[in-house]
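protein.txt follows; it contains compact mmCIF, C-alpha atoms and all ligand atoms.
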```
# COMPACT_ATOMS: atom_id res chain seq x y z
CA MET P 291 40.51 -25.00 -4.25
CA ALA P 292 38.52 -22.00 -3.02
CA ARG P 293 38.59 -21.24 0.70
CA ILE P 294 35.44 -20.80 2.72
CA ASN P 295 34.65 -18.02 5.14
CA ASP P 296 35.73 -19.94 8.26
CA ASN P 297 33.60 -17.69 10.45
CA TYR P 298 30.56 -19.70 9.37
CA LEU P 299 32.00 -22.73 11.16
CA LYS P 300 31.92 -20.83 14.46
CA LEU P 301 28.11 -20.80 14.33
CA LYS P 302 26.86 -23.28 16.87
CA ALA P 303 23.73 -24.75 15.33
CA GLY P 304 21.49 -24.23 12.34
CA TYR P 305 19.41 -21.07 12.27
CA LEU P 306 16.78 -21.41 14.99
CA PHE P 307 13.61 -21.55 12.90
CA PRO P 308 14.75 -24.17 10.35
CA GLU P 309 15.90 -26.27 13.34
CA ILE P 310 12.43 -26.05 14.88
CA GLY P 311 10.93 -26.84 11.48
CA ARG P 312 13.05 -30.01 11.26
CA ARG P 313 11.93 -31.22 14.70
CA VAL P 314 8.27 -30.51 13.97
CA LYS P 315 8.47 -32.27 10.59
CA ALA P 316 9.99 -35.37 12.20
CA PHE P 317 7.23 -35.38 14.85
CA ALA P 318 4.50 -34.93 12.23
CA GLN P 319 5.88 -37.84 10.19
CA GLU P 320 5.80 -40.11 13.22
CA HIS P 321 2.36 -38.86 14.32
CA PRO P 322 0.38 -38.13 11.16
CA GLU P 323 -2.86 -37.97 13.19
CA ALA P 324 -1.65 -35.06 15.37
CA LYS P 325 -3.26 -31.68 14.67
CA ILE P 326 -0.25 -29.49 15.23
CA ILE P 327 -0.76 -25.83 16.15
CA ARG P 328 2.15 -23.61 15.16
CA LEU P 329 2.86 -20.63 17.40
CA GLY P 330 6.59 -20.78 16.77
CA ILE P 331 8.02 -18.58 14.05
CA GLY P 332 6.41 -15.16 13.98
CA ASP P 333 4.80 -15.61 10.61
CA VAL P 334 1.51 -13.92 9.82
CA THR P 335 -1.55 -15.97 8.87
CA GLN P 336 -4.21 -13.46 7.84
CA PRO P 337 -4.54 -12.46 4.16
CA LEU P 338 -3.43 -9.08 2.85
CA PRO P 339 -5.78 -6.16 3.54
CA PRO P 340 -8.17 -5.89 0.53
CA ALA P 341 -7.10 -2.32 -0.35
CA VAL P 342 -3.48 -3.48 -0.43
CA LEU P 343 -4.34 -6.44 -2.62
CA GLU P 344 -6.23 -4.20 -5.02
CA ALA P 345 -3.25 -1.84 -5.40
CA PHE P 346 -0.96 -4.87 -5.86
CA HIS P 347 -3.19 -6.23 -8.67
CA ALA P 348 -3.47 -2.84 -10.37
CA ALA P 349 0.33 -2.44 -10.33
CA VAL P 350 0.80 -5.91 -11.83
CA ASP P 351 -1.57 -4.85 -14.61
CA ASP P 352 0.55 -1.72 -15.11
CA LEU P 353 3.44 -4.00 -16.01
CA GLY P 354 1.34 -5.52 -18.80
CA ARG P 355 0.88 -2.24 -20.69
CA LYS P 356 3.61 -0.48 -22.63
CA GLU P 357 2.70 2.99 -21.36
CA THR P 358 2.70 1.98 -17.64
CA PHE P 359 5.42 -0.66 -17.76
CA HIS P 360 8.24 -0.36 -15.17
CA GLY P 361 11.70 -1.90 -15.51
CA TYR P 362 14.43 -1.28 -12.94
CA GLY P 363 13.25 1.13 -10.29
CA PRO P 364 15.45 3.35 -8.13
CA GLU P 365 17.60 1.12 -5.89
CA GLN P 366 16.55 3.25 -2.90
CA GLY P 367 12.83 2.86 -3.60
CA TYR P 368 10.18 4.75 -5.55
CA PRO P 369 9.53 8.33 -4.42
CA PHE P 370 5.77 7.60 -4.16
CA LEU P 371 6.45 5.13 -1.33
CA ILE P 372 9.17 7.18 0.35
CA GLU P 373 6.95 10.29 0.37
CA THR P 374 4.05 8.25 1.76
CA LEU P 375 6.25 7.06 4.63
CA ILE P 376 7.46 10.59 5.39
CA GLU P 377 3.90 11.94 5.45
CA LYS P 378 1.93 9.06 6.97
CA VAL P 379 4.41 7.33 9.25
CA TYR P 380 6.84 9.96 10.51
CA LYS P 381 5.05 13.31 10.28
CA PRO P 382 2.27 12.24 12.71
CA LEU P 383 5.02 11.38 15.21
CA GLY P 384 6.52 14.87 14.87
CA VAL P 385 9.53 13.47 13.00
CA THR P 386 10.81 15.26 9.90
CA LEU P 387 12.77 13.25 7.37
CA ASN P 388 13.81 13.93 3.79
CA GLY P 389 13.49 11.47 0.93
CA GLY P 390 17.21 10.70 0.86
CA GLU P 391 17.08 9.39 4.41
CA ILE P 392 14.71 6.44 3.70
CA PHE P 393 15.82 3.32 1.82
CA ILE P 394 13.20 0.80 0.71
CA SER P 395 14.32 -2.83 0.84
CA ASP P 396 13.06 -6.39 0.75
CA GLY P 397 13.37 -7.01 4.47
CA ALA P 398 14.51 -5.69 7.83
CA LYS P 399 16.32 -8.98 8.43
CA CYS P 400 18.43 -8.43 5.29
CA ASP P 401 19.03 -4.78 6.17
CA THR P 402 20.17 -5.46 9.72
CA ALA P 403 22.59 -8.00 8.26
CA ASN P 404 23.74 -6.04 5.22
CA ILE P 405 24.37 -2.82 7.14
CA LEU P 406 27.48 -4.50 8.54
CA ASP P 407 29.05 -4.13 5.08
CA ILE P 408 29.65 -0.42 5.61
CA LEU P 409 31.16 -0.59 9.10
CA ALA P 410 34.68 -1.64 10.10
CA LEU P 411 35.27 -5.03 11.64
CA ASP P 412 36.98 -3.65 14.73
CA ASN P 413 33.80 -1.92 15.97
CA ARG P 414 32.71 -3.32 19.34
CA VAL P 415 29.12 -4.53 19.13
CA ALA P 416 26.63 -4.79 22.02
CA LEU P 417 23.43 -6.78 21.75
CA GLY P 418 20.70 -8.12 23.98
CA ASP P 419 20.62 -11.60 25.47
CA PRO P 420 18.16 -13.07 24.50
CA VAL P 421 18.12 -11.44 21.09
CA TYR P 422 16.82 -11.80 17.54
CA PRO P 423 19.45 -14.33 16.36
CA VAL P 424 20.20 -12.45 13.15
CA TYR P 425 22.09 -9.69 14.99
CA ASN P 426 24.36 -12.20 16.67
CA ASP P 427 24.90 -14.59 13.80
CA THR P 428 25.61 -11.96 11.15
CA ASN P 429 28.32 -10.44 13.34
CA VAL P 430 29.85 -13.90 13.74
CA MET P 431 29.60 -14.56 9.99
CA ILE P 432 31.35 -11.33 9.10
CA GLY P 433 34.23 -12.12 11.44
CA ARG P 434 33.61 -9.76 14.34
CA SER P 435 33.76 -12.50 16.97
CA GLY P 436 35.88 -15.34 18.19
CA GLU P 437 34.51 -18.78 19.04
CA ALA P 438 31.45 -19.34 21.22
CA ASP P 439 31.99 -20.49 24.80
CA GLU P 440 30.14 -23.47 26.27
CA LYS P 441 27.16 -21.24 27.15
CA GLY P 442 26.87 -19.83 23.63
CA TYR P 443 28.47 -16.39 24.10
CA TYR P 444 30.78 -15.43 21.26
CA GLN P 445 34.10 -13.97 22.25
CA GLY P 446 34.38 -10.30 21.36
CA LEU P 447 30.65 -9.50 21.35
CA ILE P 448 29.16 -7.63 24.30
CA TYR P 449 25.98 -9.21 25.62
CA MET P 450 23.44 -7.19 27.59
CA PRO P 451 21.25 -9.55 29.65
CA CYS P 452 17.48 -9.03 29.39
CA LEU P 453 16.16 -10.76 32.47
CA GLU P 454 13.05 -10.96 34.60
CA GLU P 455 14.98 -8.86 37.18
CA ASN P 456 15.45 -5.90 34.81
CA GLY P 457 12.03 -6.23 33.17
CA PHE P 458 13.81 -7.59 30.06
CA LEU P 459 15.23 -4.10 29.43
CA PRO P 460 19.01 -4.24 28.99
CA ASP P 461 21.24 -2.11 31.19
CA LEU P 462 23.77 0.18 29.53
CA PRO P 463 26.81 -1.85 28.46
CA SER P 464 29.61 -1.88 30.99
CA GLU P 465 32.28 -1.98 28.27
CA ARG P 466 32.80 0.51 25.46
CA ALA P 467 30.47 -0.29 22.54
CA ASP P 468 30.58 1.34 19.11
CA ILE P 469 27.37 -0.24 17.82
CA ILE P 470 24.38 -1.11 20.03
CA TYR P 471 21.39 -3.14 18.81
CA LEU P 472 18.02 -2.32 20.35
CA CYS P 473 14.70 -3.88 19.38
CA PHE P 474 11.41 -2.49 20.72
CA PRO P 475 8.77 -3.87 20.95
CA ASN P 476 11.18 -6.65 21.59
CA ASN P 477 11.59 -9.90 19.77
CA PRO P 478 11.61 -12.31 21.59
CA THR P 479 10.49 -11.00 25.01
CA GLY P 480 7.67 -8.64 23.99
CA ALA P 481 9.14 -5.94 26.28
CA VAL P 482 8.57 -2.32 25.28
CA ALA P 483 10.64 0.79 25.94
CA SER P 484 9.16 3.95 27.40
CA ARG P 485 10.26 7.40 26.27
CA GLU P 486 12.55 7.62 29.33
CA VAL P 487 14.23 4.33 28.49
CA LEU P 488 14.82 5.36 24.88
CA LYS P 489 16.10 8.77 26.00
CA LYS P 490 18.60 7.02 28.25
CA TRP P 491 19.93 5.10 25.22
CA VAL P 492 20.04 8.10 22.91
CA ASP P 493 21.83 10.22 25.53
CA PHE P 494 24.29 7.39 26.15
CA ALA P 495 24.95 6.96 22.43
CA LEU P 496 25.55 10.70 22.00
CA GLN P 497 27.83 10.85 25.06
CA THR P 498 29.89 7.82 24.06
CA ASP P 499 29.80 8.33 20.26
CA ALA P 500 28.04 4.99 19.79
CA LEU P 501 25.74 4.10 16.92
CA LEU P 502 22.28 2.69 17.73
CA PHE P 503 20.67 0.12 15.45
CA PHE P 504 17.00 0.47 16.38
CA ASP P 505 14.81 -2.37 15.11
CA ALA P 506 11.19 -1.22 15.17
CA ALA P 507 9.73 -4.07 13.11
CA TYR P 508 6.91 -4.55 15.64
CA GLU P 509 6.03 -0.90 16.35
CA ALA P 510 2.55 -1.29 14.81
CA TYR P 511 1.62 -3.45 17.82
CA ILE P 512 2.05 -0.59 20.29
CA THR P 513 -1.33 0.43 21.64
CA ASP P 514 -0.23 2.53 24.63
CA PRO P 515 -0.03 6.15 23.36
CA ALA P 516 2.80 6.92 25.79
CA ILE P 517 5.19 4.47 24.11
CA PRO P 518 7.26 5.86 21.21
CA HIS P 519 7.00 4.13 17.83
CA SER P 520 10.23 5.55 16.47
CA ILE P 521 13.64 6.27 17.98
CA TYR P 522 13.47 9.65 16.20
CA GLU P 523 10.78 10.76 18.64
CA ILE P 524 13.73 11.19 21.01
CA PRO P 525 15.69 14.40 20.38
CA GLY P 526 19.25 13.69 19.31
CA ALA P 527 18.49 10.29 17.76
CA GLU P 528 18.86 11.85 14.32
CA HIS P 529 22.59 12.06 15.09
CA CYS P 530 23.18 8.57 16.44
CA ALA P 531 20.51 6.09 15.33
CA LEU P 532 19.50 4.01 12.34
CA GLU P 533 15.95 2.65 12.32
CA PHE P 534 14.81 -0.60 10.71
CA ARG P 535 11.14 -0.97 9.81
CA SER P 536 9.17 -3.66 8.06
CA PHE P 537 5.83 -4.24 6.35
CA SER P 538 6.05 -7.94 7.29
CA LYS P 539 4.29 -7.85 10.63
CA THR P 540 2.61 -4.48 10.09
CA ALA P 541 0.65 -5.49 7.00
CA GLY P 542 1.15 -9.22 6.36
CA PHE P 543 4.14 -8.87 3.99
CA THR P 544 6.27 -11.78 5.25
CA GLY P 545 5.82 -13.47 1.88
CA VAL P 546 5.54 -10.29 -0.19
CA ARG P 547 8.76 -8.69 1.11
CA CYS P 548 9.04 -4.98 1.75
CA ALA P 549 10.79 -3.00 4.47
CA PHE P 550 12.77 0.18 4.90
CA THR P 551 15.75 1.55 6.75
CA VAL P 552 16.13 5.13 7.90
CA ILE P 553 19.59 6.69 7.96
CA PRO P 554 19.34 10.39 8.80
CA ASP P 555 21.85 12.70 7.14
CA GLY P 556 23.25 13.57 10.56
CA VAL P 557 24.43 10.06 11.44
CA MET P 558 28.18 9.89 10.96
CA ALA P 559 30.95 7.40 11.47
CA ARG P 560 34.66 7.95 11.08
CA THR P 561 37.29 6.74 8.63
CA ALA P 562 40.54 5.08 9.74
CA LYS P 563 42.08 8.57 9.62
CA GLY P 564 39.35 10.08 11.81
CA GLU P 565 37.40 11.94 9.12
CA LYS P 566 33.60 11.95 9.67
CA ILE P 567 31.50 10.44 6.88
CA PRO P 568 27.67 10.32 6.69
CA LEU P 569 26.59 6.67 6.82
CA ASN P 570 23.74 7.53 4.53
CA LYS P 571 26.11 8.08 1.58
CA LEU P 572 27.85 4.76 2.14
CA TRP P 573 24.58 2.84 2.38
CA ASN P 574 23.34 4.54 -0.77
CA ARG P 575 26.52 3.42 -2.54
CA ARG P 576 26.19 -0.10 -1.16
CA GLN P 577 22.56 -0.46 -2.19
CA SER P 578 23.19 0.98 -5.67
CA THR P 579 25.86 -1.64 -6.23
CA LYS P 580 24.41 -4.71 -4.54
CA PHE P 581 20.64 -4.25 -4.79
CA ASN P 582 18.21 -3.58 -7.62
CA GLY P 583 15.32 -2.40 -5.52
CA VAL P 584 11.96 -3.86 -4.53
CA SER P 585 9.54 -4.66 -7.34
CA TYR P 586 7.14 -1.96 -8.48
CA PRO P 587 3.90 -3.86 -7.59
CA VAL P 588 5.21 -4.61 -4.10
CA GLN P 589 6.00 -0.95 -3.48
CA ARG P 590 2.55 0.05 -4.76
CA ALA P 591 1.00 -2.51 -2.39
CA ALA P 592 3.12 -1.15 0.48
CA ALA P 593 2.03 2.44 -0.22
CA ALA P 594 -1.62 1.28 -0.16
CA VAL P 595 -1.20 0.22 3.47
CA TYR P 596 -1.37 3.94 4.26
CA SER P 597 -4.44 4.79 2.18
CA PRO P 598 -7.44 5.53 4.45
CA GLU P 599 -9.07 2.21 3.59
CA GLY P 600 -5.78 0.26 3.67
CA TRP P 601 -4.84 1.62 7.09
CA LYS P 602 -8.27 0.85 8.55
CA GLN P 603 -8.08 -2.74 7.29
CA THR P 604 -4.47 -3.09 8.45
CA ARG P 605 -5.40 -1.92 11.95
CA GLU P 606 -8.20 -4.50 12.07
CA ILE P 607 -5.75 -7.31 11.33
CA ILE P 608 -3.34 -6.03 13.97
CA ALA P 609 -6.23 -5.90 16.47
CA TYR P 610 -7.08 -9.50 15.56
CA TYR P 611 -3.54 -10.64 16.41
CA MET P 612 -3.52 -8.59 19.60
CA GLU P 613 -6.73 -10.27 20.69
CA ASN P 614 -4.93 -13.61 20.19
CA ALA P 615 -2.15 -12.27 22.40
CA ARG P 616 -4.68 -11.28 25.06
CA ILE P 617 -6.34 -14.71 24.95
CA ILE P 618 -3.01 -16.54 25.31
CA ARG P 619 -1.72 -14.24 28.03
CA SER P 620 -4.85 -14.26 30.14
CA GLY P 621 -5.59 -17.98 29.62
CA LEU P 622 -2.11 -19.11 30.60
CA GLY P 623 -1.90 -16.50 33.36
CA LYS P 624 -5.14 -17.76 34.95
CA ALA P 625 -3.80 -21.29 34.77
CA GLY P 626 -0.80 -20.24 36.86
CA PHE P 627 1.85 -19.75 34.19
CA THR P 628 4.05 -16.67 34.36
CA VAL P 629 3.66 -14.83 31.08
CA TYR P 630 5.29 -11.57 29.92
CA GLY P 631 4.83 -9.54 26.75
CA GLY P 632 1.80 -9.73 24.49
CA VAL P 633 0.44 -6.31 25.50
CA ASN P 634 2.10 -3.83 23.13
CA ALA P 635 3.83 -6.63 21.26
CA PRO P 636 2.79 -9.77 19.36
CA TYR P 637 5.13 -12.08 21.28
CA LEU P 638 4.50 -13.72 24.63
CA TRP P 639 7.42 -14.74 26.76
CA MET P 640 6.45 -17.42 29.27
CA LYS P 641 8.46 -19.05 32.00
CA THR P 642 8.71 -22.77 31.51
CA PRO P 643 6.88 -24.71 34.25
CA ALA P 644 8.54 -27.14 36.67
CA ASN P 645 12.01 -25.74 35.93
CA LEU P 646 12.06 -27.39 32.53
CA SER P 647 14.72 -26.18 30.14
CA SER P 648 13.43 -24.33 27.10
CA TRP P 649 14.04 -27.29 24.78
CA GLU P 650 12.59 -29.80 27.28
CA PHE P 651 9.44 -27.70 27.36
CA PHE P 652 9.45 -27.49 23.55
CA ASP P 653 9.55 -31.29 23.29
CA LYS P 654 6.85 -31.82 25.94
CA LEU P 655 4.60 -29.19 24.45
CA LEU P 656 4.94 -30.75 21.02
CA ALA P 657 4.49 -34.35 22.19
CA GLY P 658 1.84 -33.65 24.85
CA CYS P 659 -0.18 -30.78 23.37
CA HIS P 660 0.87 -30.79 19.70
CA VAL P 661 1.68 -27.11 20.05
CA VAL P 662 4.84 -25.54 18.62
CA GLY P 663 6.55 -22.55 20.18
CA THR P 664 10.11 -21.25 20.24
CA PRO P 665 12.56 -22.21 22.98
CA GLY P 666 13.85 -19.12 24.73
CA SER P 667 17.39 -20.47 24.86
CA GLY P 668 17.41 -20.35 21.04
CA PHE P 669 17.58 -16.56 21.39
CA GLY P 670 20.56 -16.61 23.73
CA PRO P 671 21.73 -18.13 27.02
CA SER P 672 19.63 -15.76 29.14
CA GLY P 673 16.52 -17.04 27.36
CA GLU P 674 16.99 -20.41 29.07
CA GLY P 675 13.91 -21.35 31.09
CA PHE P 676 11.68 -19.20 28.88
CA PHE P 677 9.54 -19.93 25.86
CA ARG P 678 8.15 -17.67 23.14
CA LEU P 679 4.63 -17.95 21.77
CA SER P 680 3.53 -15.96 18.75
CA ALA P 681 0.15 -14.24 18.48
CA PHE P 682 0.20 -14.39 14.67
CA GLY P 683 -1.92 -17.56 14.40
CA ASP P 684 -5.60 -18.07 13.70
CA ARG P 685 -8.00 -17.24 16.54
CA ALA P 686 -9.26 -20.82 16.80
CA ASP P 687 -5.67 -22.08 17.04
CA ALA P 688 -4.76 -19.59 19.76
CA GLU P 689 -7.82 -20.66 21.79
CA GLU P 690 -7.24 -24.35 21.20
CA ALA P 691 -3.53 -24.10 22.07
CA VAL P 692 -4.32 -22.42 25.39
CA SER P 693 -6.95 -24.99 26.27
CA ARG P 694 -4.60 -27.88 25.43
CA ILE P 695 -1.76 -26.39 27.51
CA ILE P 696 -4.08 -25.84 30.47
CA LYS P 697 -5.53 -29.36 30.27
CA TYR P 698 -2.15 -31.04 30.04
CA ASN P 699 -0.88 -31.34 33.57
CA LYS P 700 2.15 -33.57 33.29
CA TRP P 701 4.85 -30.91 33.34
C1 LIG Y 1 10.59 -14.49 14.38
O1 LIG Y 1 9.82 -15.42 14.54
O2 LIG Y 1 11.42 -14.15 15.24
C2 LIG Y 1 10.50 -13.70 13.12
O3 LIG Y 1 9.55 -14.22 12.28
C3 LIG Y 1 11.76 -13.70 12.46
C4 LIG Y 1 11.86 -12.66 11.40
O4 LIG Y 1 11.08 -11.73 11.33
O5 LIG Y 1 12.79 -12.80 10.63
```
Structure translated into structure tokens:
Amino acid sequence: MARINDNYLKLKAGYLFPEIGRRVKAFAQEHPEAKIIRLGIGDVTQPLPPAVLEAFHAAVDDLGRKETFHGYGPEQGYPFLIETLIEKVYKPLGVTLNGGEIFISDGAKCDTANILDILALDNRVALGDPVYPVYNDTNVMIGRSGEADEKGYYQGLIYMPCLEENGFLPDLPSERADIIYLCFPNNPTGAVASREVLKKWVDFALQTDALLFFDAAYEAYITDPAIPHSIYEIPGAEHCALEFRSFSKTAGFTGVRCAFTVIPDGVMARTAKGEKIPLNKLWNRRQSTKFNGVSYPVQRAAAAVYSPEGWKQTREIIAYYMENARIIRSGLGKAGFTVYGGVNAPYLWMKTPANLSSWEFFDKLLAGCHVVGTPGSGFGPSGEGFFRLSAFGDRADAEEAVSRIIKYNKW
């Protein structure tokens, strides 16, 4: 009989969002009359920008004609999309990349998980607490940790608390870390990192020979011009950082699937014998073997995000979500709730009232207001007592959710 990967049995519960989905489904079955508002999973609700849709359609039509048909594309992505990203995303930030440093994929979630393939198991990994659960769980799955303790911390992983006291910005790890995950604007807390904060991390990584995994999936929500969008805006990051980007939240691609990972030529890691190898080459090899690329129409649609019309429409949708964030933040704030995030980020991180635990608040909010959010403790032990609300809903839902929460006074 085949043997399983026992590491999977170390995982404490189901993945957070399916677990929430199960609870909401059970509630909806028992209360079919309830009009449930979902501000839980960060899934977009607005349709694709028209210019993007048009490019998508045109590329599908290309597949129907012999002379414009496309079969397998390059595993690393089509040059037309890679060049667009170099010119439209990075050049305006003063960042110079070459085409071999960008890898198009079907999701930042998959990339942050799959990247572990090319790194040795005995690397020490540091990650935030609370954190996007994928970073934690994929390290457990691959066998980098021991069992979880009663709080939910896995032995062998280094957790960096993100608390109210430190403005949800992790302190430098106190133990040696080979790989450090950073996510800004942050999921789940909505915290953002200034240039000084990012410089501190880049300098630390260079001094200690650590590798930064910088998840910038929410960078499009930054409105403050002083806040960097890319880790490569910080000198030296091209020698120590990988950057994960996504079209999901930027342009409504959660169901379409397109993302990219940047691995500059200068980012190295060592072999068992101490020889330095560019990570870029290894990732290229990994992708060529395990991935057949993102479909041609999807990459055409992604490139259209950066056409003048596409970008204007994309910005309008982002502004729509950010107005939701403003409505939720100011409405709940006025009603006396303590709410963080939601300014340069699409997530709001509220303190649960009356010292309720995150899951107690989840249950009360669902039963009393028919509103779904995400319990902070689902992102890690330090998320206990907090609750995440997403700004990706419809405007009417955001307004209605706030008014229901304010009216309900039985916390
Ligand atoms: C979330 O709600 O945290 C995100 O939707 C998860 C993701 O992007 O995978």
Per residue of range 583-650 of chain P within 12 Å of range 499-514 of chain P, which atom pair is closest and at what distance in Å (one decimal), using only C-alpha atoms, listed by chain and increasing number, as a Markdown table?
```
| residue | atom | partner | partner_atom | distance |
| --- | --- | --- | --- | --- |
| P:Trp601 | CA | P:Ala510 | CA | 11.1 |
| P:Thr604 | CA | P:Ala510 | CA | 9.6 |
| P:Arg605 | CA | P:Ala510 | CA | 8.5 |
| P:Glu606 | CA | P:Tyr511 | CA | 11.4 |
| P:Ile607 | CA | P:Tyr511 | CA | 10.6 |
| P:Ile608 | CA | P:Tyr511 | CA | 6.8 |
| P:Ala609 | CA | P:Tyr511 | CA | 8.3 |
| P:Tyr610 | CA | P:Tyr511 | CA | 10.8 |
| P:Tyr611 | CA | P:Tyr511 | CA | 9.0 |
| P:Met612 | CA | P:Tyr511 | CA | 7.5 |
| P:Glu613 | CA | P:Tyr511 | CA | 11.2 |
| P:Ala615 | CA | P:Tyr511 | CA | 10.6 |
| P:Gly631 | CA | P:Tyr511 | CA | 11.3 |
| P:Gly632 | CA | P:Tyr511 | CA | 9.2 |
| P:Val633 | CA | P:Ile512 | CA | 7.9 |
| P:Asn634 | CA | P:Ile512 | CA | 4.3 |
| P:Ala635 | CA | P:Tyr511 | CA | 5.2 |
| P:Pro636 | CA | P:Tyr511 | CA | 6.6 |
| P:Tyr637 | CA | P:Tyr508 | CA | 9.6 |
```
Find the residues near ligand LIG 1 (chain Y). Use a cut-off of 9 Å, count only C-alpha atoms and all ligand atoms, and write them as a PDB file with C-alpha atoms, in the coordinates of the input.
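In the end it all went to selection.pdb:
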```
ATOM      1  CA  PHE P 307      13.610 -21.550  12.900  1.00  0.00           C
ATOM      2  CA  GLY P 330       6.590 -20.780  16.770  1.00  0.00           C
ATOM      3  CA  ILE P 331       8.020 -18.580  14.050  1.00  0.00           C
ATOM      4  CA  GLY P 332       6.410 -15.160  13.980  1.00  0.00           C
ATOM      5  CA  ASP P 333       4.800 -15.610  10.610  1.00  0.00           C
ATOM      6  CA  VAL P 334       1.510 -13.920   9.820  1.00  0.00           C
ATOM      7  CA  GLY P 397      13.370  -7.010   4.470  1.00  0.00           C
ATOM      8  CA  ALA P 398      14.510  -5.690   7.830  1.00  0.00           C
ATOM      9  CA  LYS P 399      16.320  -8.980   8.430  1.00  0.00           C
ATOM     10  CA  CYS P 400      18.430  -8.430   5.290  1.00  0.00           C
ATOM     11  CA  TYR P 422      16.820 -11.800  17.540  1.00  0.00           C
ATOM     12  CA  PRO P 423      19.450 -14.330  16.360  1.00  0.00           C
ATOM     13  CA  VAL P 424      20.200 -12.450  13.150  1.00  0.00           C
ATOM     14  CA  ASN P 477      11.590  -9.900  19.770  1.00  0.00           C
ATOM     15  CA  PRO P 478      11.610 -12.310  21.590  1.00  0.00           C
ATOM     16  CA  ALA P 507       9.730  -4.070  13.110  1.00  0.00           C
ATOM     17  CA  SER P 536       9.170  -3.660   8.060  1.00  0.00           C
ATOM     18  CA  SER P 538       6.050  -7.940   7.290  1.00  0.00           C
ATOM     19  CA  LYS P 539       4.290  -7.850  10.630  1.00  0.00           C
ATOM     20  CA  THR P 544       6.270 -11.780   5.250  1.00  0.00           C
ATOM     21  CA  TYR P 637       5.130 -12.080  21.280  1.00  0.00           C
ATOM     22  CA  THR P 664      10.110 -21.250  20.240  1.00  0.00           C
ATOM     23  CA  SER P 680       3.530 -15.960  18.750  1.00  0.00           C
TER      24      SER P 680
END
```
query: Using all atoms listed in the file, which residue out of P:Pro587, P:Gly666, P:Gly384, P:Gly433 lies closest to Gly446 in chain P?
result: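 The closest residue to Gly446 in chain P is P:Gly433.
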Option closest in space to Ala686 in chain P, from P:Ile327, P:Ile521, P:Cys452, P:Ala410 [counting only C-alpha atoms]: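 When distances to Ala686 in chain P are compared using only C-alpha atoms, the smallest one comes from P:Ile327.
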Pick from P:Trp701, P:Gly542, P:Gly668, P:Arg616, whichever lies nearest to Glu309 in chain P using only C-alpha atoms: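 The closest residue to Glu309 in chain P is P:Gly668.
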task: Compute the distance from (1.6, -21.8, 10.5) to each atom, counting all atoms listed in the file, keep the residues with any atom at most 12 Å away, and return them as a list in words; use the coordinates of the file.
output: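 So the residues meeting the distance criterion are Gly311, Val314, Lys325, Ile326, Ile327, Arg328, Leu329, Gly330, Ile331, Gly332, Asp333, Val334, Thr335, Gln336, Val661, Val662, Gly663, Ser680, Ala681, Phe682, Gly683, Asp684, Asp687 and Ala688 of chain P.
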Give me a file of those residues, with C-alpha atoms, as a PDB file, in the frame of the given file.
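The resulting file, out00.pdb, is reproduced below:
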```pdb
ATOM      1  CA  GLY P 311      10.930 -26.840  11.480  1.00  0.00           C
ATOM      2  CA  VAL P 314       8.270 -30.510  13.970  1.00  0.00           C
ATOM      3  CA  LYS P 325      -3.260 -31.680  14.670  1.00  0.00           C
ATOM      4  CA  ILE P 326      -0.250 -29.490  15.230  1.00  0.00           C
ATOM      5  CA  ILE P 327      -0.760 -25.830  16.150  1.00  0.00           C
ATOM      6  CA  ARG P 328       2.150 -23.610  15.160  1.00  0.00           C
ATOM      7  CA  LEU P 329       2.860 -20.630  17.400  1.00  0.00           C
ATOM      8  CA  GLY P 330       6.590 -20.780  16.770  1.00  0.00           C
ATOM      9  CA  ILE P 331       8.020 -18.580  14.050  1.00  0.00           C
ATOM     10  CA  GLY P 332       6.410 -15.160  13.980  1.00  0.00           C
ATOM     11  CA  ASP P 333       4.800 -15.610  10.610  1.00  0.00           C
ATOM     12  CA  VAL P 334       1.510 -13.920   9.820  1.00  0.00           C
ATOM     13  CA  THR P 335      -1.550 -15.970   8.870  1.00  0.00           C
ATOM     14  CA  GLN P 336      -4.210 -13.460   7.840  1.00  0.00           C
ATOM     15  CA  VAL P 661       1.680 -27.110  20.050  1.00  0.00           C
ATOM     16  CA  VAL P 662       4.840 -25.540  18.620  1.00  0.00           C
ATOM     17  CA  GLY P 663       6.550 -22.550  20.180  1.00  0.00           C
ATOM     18  CA  SER P 680       3.530 -15.960  18.750  1.00  0.00           C
ATOM     19  CA  ALA P 681       0.150 -14.240  18.480  1.00  0.00           C
ATOM     20  CA  PHE P 682       0.200 -14.390  14.670  1.00  0.00           C
ATOM     21  CA  GLY P 683      -1.920 -17.560  14.400  1.00  0.00           C
ATOM     22  CA  ASP P 684      -5.600 -18.070  13.700  1.00  0.00           C
ATOM     23  CA  ASP P 687      -5.670 -22.080  17.040  1.00  0.00           C
ATOM     24  CA  ALA P 688      -4.760 -19.590  19.760  1.00  0.00           C
TER      25      ALA P 688
END
```
- prompt: Near Asp493 in chain P, counting all atoms listed in the file, which residues have an atom at most 10 Å away, once you skip same-chain residues fewer than 6 positions from it, shown as number ranges by chain?
  reply: P: 499-500, 524-527, 530
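Atom pair CA of Lys697 in chain P / CA of Arg313 in chain P has a distance of 23.5 Å (rounded to one decimal).
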Axis-aligned box for all listed atoms of range 395-408 of chain P, 4 Å per side, centre and edges in Å to one decimal, as AutoDock Vina command-line options:
```
--center_x 21.4 --center_y -4.7 --center_z 5.2 --size_x 24.6 --size_y 16.6 --size_z 17.0
```
query: How many Å lie between CA of Phe474 in chain P and CA of Ala559 in chain P, rounded to one decimal?
result: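 Rounded to one decimal, the two atoms are 23.8 Å apart.
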Counting all atoms listed in the file, the option among P:Ser648, P:Val350, P:Ala549, P:Glu528 closest to Thr386 in chain P: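 Counting all atoms listed in the file, the residue closest to Thr386 in chain P is P:Glu528.
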